[in-house]
Amino acid sequence: SSAEAMSYVGFDWLVIDMEHAAHSFEGAENMIRTIERTDVVPFVRVAWNDPVLMKLALDRGAMGIVVPWVNSKAEAEMAVRGCLFPPKGLRGVGGGRTTRYDMDEGRYMREANDNILVIVQIETQAAIDNIEEILQVEGVGAAFIGPYDLTSSMGIPGQFKNPGFEEAVQKVLATGKTHNVPVGMYLGSPEIV
């Protein structure tokens with residue numbers, strides 16, 4: 001019901017959280033089916049940078065994957081590879097609902113690598129230190145700052161007005177602009193802005 005209600009509000013996309021929320025893949029698939037009835041694009045945040053979890057979400061119809069805790073170029077590359085079919089990635093080929101149960105004449109397989117959005121989460125000081133390399137990885141489509149984990153990693157948990165945190169956010173924003181990678185951030189309250 002929440003996915004259905006949210007898909008009518010006017011958002012461009014919605015993220016089903018499978019990192020911190022207790023959603024099963026069956027539940028996520030049902031939410032994706034509901035969201036697909038509108039013009040809203042369904043994304044899934046997987047629990048970890050694991051190609052198996054990405055494949056399970058994508059095979060159920062997610063059009064983008066939010067990958068938590070990406071701290072290095074190698075981890076960003078792993079996230080991209082997990083979301084894409086060979087030769088660009090290592091996502092396993094399967095039928096199911098994305099291919100209309102093998103009745104789409106190969107359309108999904110031809111178009112998926114160009115249509116799947118890979119969003120890396122920037123949540124640690126290590127990610128800030130490596131942001132230039134992370135955002136240069138081909139296939140990274142967006143970055144998403146996790147302010148609570150980031151401030152905790154920096155030793156300043158929840159201190160969103162701390163100059164060190166503000167500097168880190170500005171560094172990610174500037175690097176995103178340099179590499180033409182959109183950057184967003186979770187805002188649990190207006191005080192974070």
# chains A, B, ... in the order shown; residues from 1 in each chain; ligands from 1

$ residues_around --residues "Tyr8 (chain A)" --least-positions-apart "3" --cutoff "10 Å" --atoms "only C-alpha atoms" --output "PDB file with N, CA and C atoms, in the first residue's frame"
ATOM      1  N   ALA A   3       3.891   1.648  -1.259  1.00  0.00           N
ATOM      2  CA  ALA A   3       4.464   1.831  -2.596  1.00  0.00           C
ATOM      3  C   ALA A   3       3.412   2.361  -3.557  1.00  0.00           C
ATOM      4  N   GLU A   4       2.211   1.846  -3.461  1.00  0.00           N
ATOM      5  CA  GLU A   4       1.142   2.309  -4.338  1.00  0.00           C
ATOM      6  C   GLU A   4       0.819   3.772  -4.075  1.00  0.00           C
ATOM      7  N   ALA A   5       0.663   4.139  -2.816  1.00  0.00           N
ATOM      8  CA  ALA A   5       0.351   5.526  -2.471  1.00  0.00           C
ATOM      9  C   ALA A   5       1.464   6.466  -2.916  1.00  0.00           C
ATOM     10  N   PHE A  11       6.373  11.626  -7.651  1.00  0.00           N
ATOM     11  CA  PHE A  11       7.817  11.441  -7.692  1.00  0.00           C
ATOM     12  C   PHE A  11       8.233  10.851  -9.037  1.00  0.00           C
ATOM     13  N   ILE A  35       4.458  -0.065  -8.529  1.00  0.00           N
ATOM     14  CA  ILE A  35       5.072   1.179  -9.004  1.00  0.00           C
ATOM     15  C   ILE A  35       5.037   1.243 -10.524  1.00  0.00           C
ATOM     16  N   ARG A  37       2.878   0.468 -12.529  1.00  0.00           N
ATOM     17  CA  ARG A  37       1.570   0.869 -13.072  1.00  0.00           C
ATOM     18  C   ARG A  37       1.520   2.373 -13.344  1.00  0.00           C
ATOM     19  N   THR A  38       2.525   3.104 -12.852  1.00  0.00           N
ATOM     20  CA  THR A  38       2.600   4.556 -13.021  1.00  0.00           C
ATOM     21  C   THR A  38       3.837   4.892 -13.853  1.00  0.00           C
ATOM     22  N   ASP A  39       4.146   6.169 -13.954  1.00  0.00           N
ATOM     23  CA  ASP A  39       5.341   6.603 -14.672  1.00  0.00           C
ATOM     24  C   ASP A  39       6.573   6.657 -13.763  1.00  0.00           C
ATOM     25  N   VAL A  40       6.430   6.213 -12.537  1.00  0.00           N
ATOM     26  CA  VAL A  40       7.517   6.253 -11.566  1.00  0.00           C
ATOM     27  C   VAL A  40       8.486   5.094 -11.839  1.00  0.00           C
TER      28      VAL A  40
END

$ residues_around --residues "region 189-191 of chain A" --least-positions-apart "2" --cutoff "8 Å" --atoms "only C-alpha atoms" --output "CSV table (one decimal) with all heavy atoms, in the first residue's frame"
chain,number,residue,atom,x,y,z
A,160,PHE,N,25.7,17.6,11.6
A,160,PHE,CA,25.5,17.9,10.2
A,160,PHE,C,26.0,19.4,9.9
A,160,PHE,O,26.1,19.7,8.8
A,160,PHE,CB,24.1,17.7,9.8
A,160,PHE,CG,23.6,16.3,10.0
A,160,PHE,CD1,22.6,16.0,10.8
A,160,PHE,CD2,24.3,15.2,9.4
A,160,PHE,CE1,22.2,14.7,11.1
A,160,PHE,CE2,23.9,13.9,9.6
A,160,PHE,CZ,22.8,13.7,10.5
A,187,LEU,N,17.9,13.2,3.5
A,187,LEU,CA,17.6,14.3,4.4
A,187,LEU,C,16.5,13.8,5.3
A,187,LEU,O,15.3,13.8,5.0
A,187,LEU,CB,17.1,15.5,3.7
A,187,LEU,CG,18.2,16.2,2.7
A,187,LEU,CD1,17.5,17.3,1.9
A,187,LEU,CD2,19.4,16.6,3.5
A,193,VAL,N,20.0,20.2,6.0
A,193,VAL,CA,20.3,21.1,4.8
A,193,VAL,C,21.2,22.2,5.2
A,193,VAL,O,21.1,22.9,6.2
A,193,VAL,CB,19.0,21.7,4.2
A,193,VAL,CG1,19.3,22.5,3.1
A,193,VAL,CG2,18.1,20.5,3.8

$ select_by_dssp --residues "region 33-153 of chain A" --states "alpha helix (DSSP H)" --output "ChimeraX atom specification"
/A:33-35,51-59,73-83,107-115,125-129,131-135,147-153

$ select_by_dssp --residues "region 51-110 of chain A" --states "strand (DSSP E)" --output "PyMOL selection string"
chain A and resi 64-67

$ write_last_selection --atoms "N, CA and C atoms" --output "tab-separated table (two decimals), in the first residue's frame"
chain	number	residue	atom	x	y	z
A	64	GLY	N	17.03	0.37	-11.28
A	64	GLY	CA	18.25	0.95	-10.73
A	64	GLY	C	18.56	0.29	-9.41
A	65	ILE	N	19.83	0.29	-9.08
A	65	ILE	CA	20.29	-0.30	-7.83
A	65	ILE	C	21.08	0.74	-7.04
A	66	VAL	N	20.71	0.91	-5.78
A	66	VAL	CA	21.47	1.75	-4.87
A	66	VAL	C	22.37	0.82	-4.07
A	67	VAL	N	23.68	1.06	-4.16
A	67	VAL	CA	24.67	0.17	-3.56
A	67	VAL	C	25.30	0.86	-2.35

$ residues_around --residues "Val120 (chain A)" --least-positions-apart "2" --cutoff "10 Å" --atoms "only C-alpha atoms" --output "JSON list (two decimals) with C-alpha atoms, in the first residue's frame"
[["chain", "number", "residue", "atom", "x", "y", "z"],
["A", 45, "ARG", "CA", 18.71, -0.38, -2.34],
["A", 49, "ASN", "CA", 27.65, -4.60, -2.70],
["A", 65, "ILE", "CA", 20.29, -0.30, -7.83],
["A", 66, "VAL", "CA", 21.47, 1.75, -4.87],
["A", 67, "VAL", "CA", 24.67, 0.17, -3.56],
["A", 68, "PRO", "CA", 25.63, 0.97, 0.04],
["A", 69, "TRP", "CA", 29.08, 1.50, 1.47],
["A", 70, "VAL", "CA", 31.10, 2.06, -1.71],
["A", 71, "ASN", "CA", 34.52, 3.19, -0.52],
["A", 75, "GLU", "CA", 34.09, -1.37, -5.01],
["A", 76, "ALA", "CA", 32.46, 1.02, -7.50],
["A", 79, "ALA", "CA", 28.81, -2.44, -8.14],
["A", 80, "VAL", "CA", 28.65, -1.67, -11.86],
["A", 117, "LEU", "CA", 21.06, 3.11, -13.18],
["A", 118, "VAL", "CA", 23.85, 2.28, -10.72],
["A", 122, "ILE", "CA", 29.07, 7.63, -0.17],
["A", 123, "GLU", "CA", 29.01, 6.90, 3.55],
["A", 134, "ILE", "CA", 34.83, 6.38, -7.48],
["A", 135, "LEU", "CA", 32.95, 8.88, -9.64],
["A", 140, "VAL", "CA", 28.35, 4.89, -12.06],
["A", 141, "GLY", "CA", 25.22, 6.89, -12.80],
["A", 142, "ALA", "CA", 24.75, 8.78, -9.52],
["A", 143, "ALA", "CA", 26.09, 9.11, -6.00],
["A", 144, "PHE", "CA", 24.07, 9.30, -2.82],
["A", 145, "ILE", "CA", 25.52, 10.65, 0.43],
["A", 183, "VAL", "CA", 24.72, 13.67, -6.37]]

$ atom_distance --atom1 "CA of Asn130 (chain A)" --atom2 "CA of Gly82 (chain A)"
20.3 Å

$ atom_distance --atom1 "CA of Pro42 (chain A)" --atom2 "CA of Ile16 (chain A)"
7.5 Å

$ closest_residue --among "A:Asp129, A:Glu166, A:Asp114, A:Glu19" --to "Leu53 (chain A)" --atoms "only C-alpha atoms"
A:Glu19
